[in-house]
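Let me begin by presenting the structure, written as C-alpha cells, before commenting on it.
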Amino acid sequence: MSRSPQDSLHTAAYVTPAGADWLASASASPRGVHAVWAGAPTAAVTLPCGTAFDVISMDALFGRRVVSRLWTDGPGTGPVAAQGGRVMLFATPGTAQRLPALLDWEEWGAAAPPLLCYGRGDAVTVPPLFPPDADPPAPLPAPGERGAQQPGAQASGAPECTPVPSPRWLVAPDVRAPWLPGPEVLLWACVRAARTAGADPESTAVTSAPAVFPG
C-alpha cells in the first residue's frame, strides 16, 4: 500500500546510502563522517551549514504546520528532522540569512513563533542514519532479594524519569542532490501556516542563532 508524503511525518525514516553521501558532503572530511557512521550507524553527528544546506529550526507544532503547507500547496520539502521539541527543515544555502529579512519585509516576522536559522559559520547535530532502538527496561529484582519492591510500589523520593525522544528523520535524505526549499518558498509556507494558526502578531519574531544546535 502506497503512502503519501504526509504519512512520513508520523514515522521514523531511514537515510539511504545516497542520502548519507549528501549529508557527509557538508563536512570538510566526508570520509571521516562515513567512518563514524560505519562504526556507529545510530550515532548523531554534527555537520556545518552553509555549503550543502542551511537549516531552519521551528517550534514542533508550527514546524509541522509549515511542512503540511509545503506538501499541500507545493512544492514539498527537502529533508526534515525532529529534534529537541523542534522541527528542522533543510533548505538551500543562504536561506538562513535571507528568510528572517523576507519575513520582516512582509511584516509577518512577528506572527511566526521563533525561528532559529543556521547558515554559514553555524553547525547542526543531525539525527543518525538509523534511529536507535529503545533500551530495554532494567530487570526487576526477584521477590525477597535486597531492594525488591512490592508490585506497584515506588521507591521513596525516587524521581520519575521521562525518556527524551531521540532525534529522528521525518523526511530522510535519499538522493545525492535532494531538492531543497529556498527562502521564498519557506517565506510563504510560514505566512500561510501563521494565518491558519491565527498566530498572535505580538509573538516573538524570528531570530538568527549562530550556535550549534543542541543534540
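Quick note on naming: the chains in the C-alpha cells go A, B, ... in the order shown, residues restart at 1 in each chain, and ligands are numbered from 1 in order of appearance.
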
Next on the checklist: Please list as a list in words every residue within 6 Å of stretch 78-85 of chain A, counting only C-alpha atoms and excluding residues in the same chain fewer than 6 positions away.
Outcome noted: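 Neighbouring residues, sequence-local ones excluded: Ala60, Pro167, Arg168, Trp169, Leu170, Val171, Ala172, Pro173, Trp179 and Leu180 of chain A.
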
Checklist entry - Within 7 Å of A:Ala24, counting only C-alpha atoms, which residues qualify if same-chain residues fewer than 6 places away don't, as a list of chain:residue names? => result A:Pro30, A:Val33, A:His34

Residue selection dump (C-alpha atoms) as an mmCIF file, in the first residue's frame:
```cif
data_model
loop_
_atom_site.group_PDB
_atom_site.id
_atom_site.type_symbol
_atom_site.label_atom_id
_atom_site.label_comp_id
_atom_site.auth_asym_id
_atom_site.auth_seq_id
_atom_site.Cartn_x
_atom_site.Cartn_y
_atom_site.Cartn_z
ATOM 1 C CA PRO A 30 33.265 13.354 4.161
ATOM 2 C CA VAL A 33 31.845 11.271 8.621
ATOM 3 C CA HIS A 34 31.333 7.990 6.788
#
```

Checklist entry - Hey, which of A:Ser68, A:Ser25, A:Thr42, A:Thr16 ends up closest to A:Ser166? Count only C-alpha atoms. => result A:Thr42
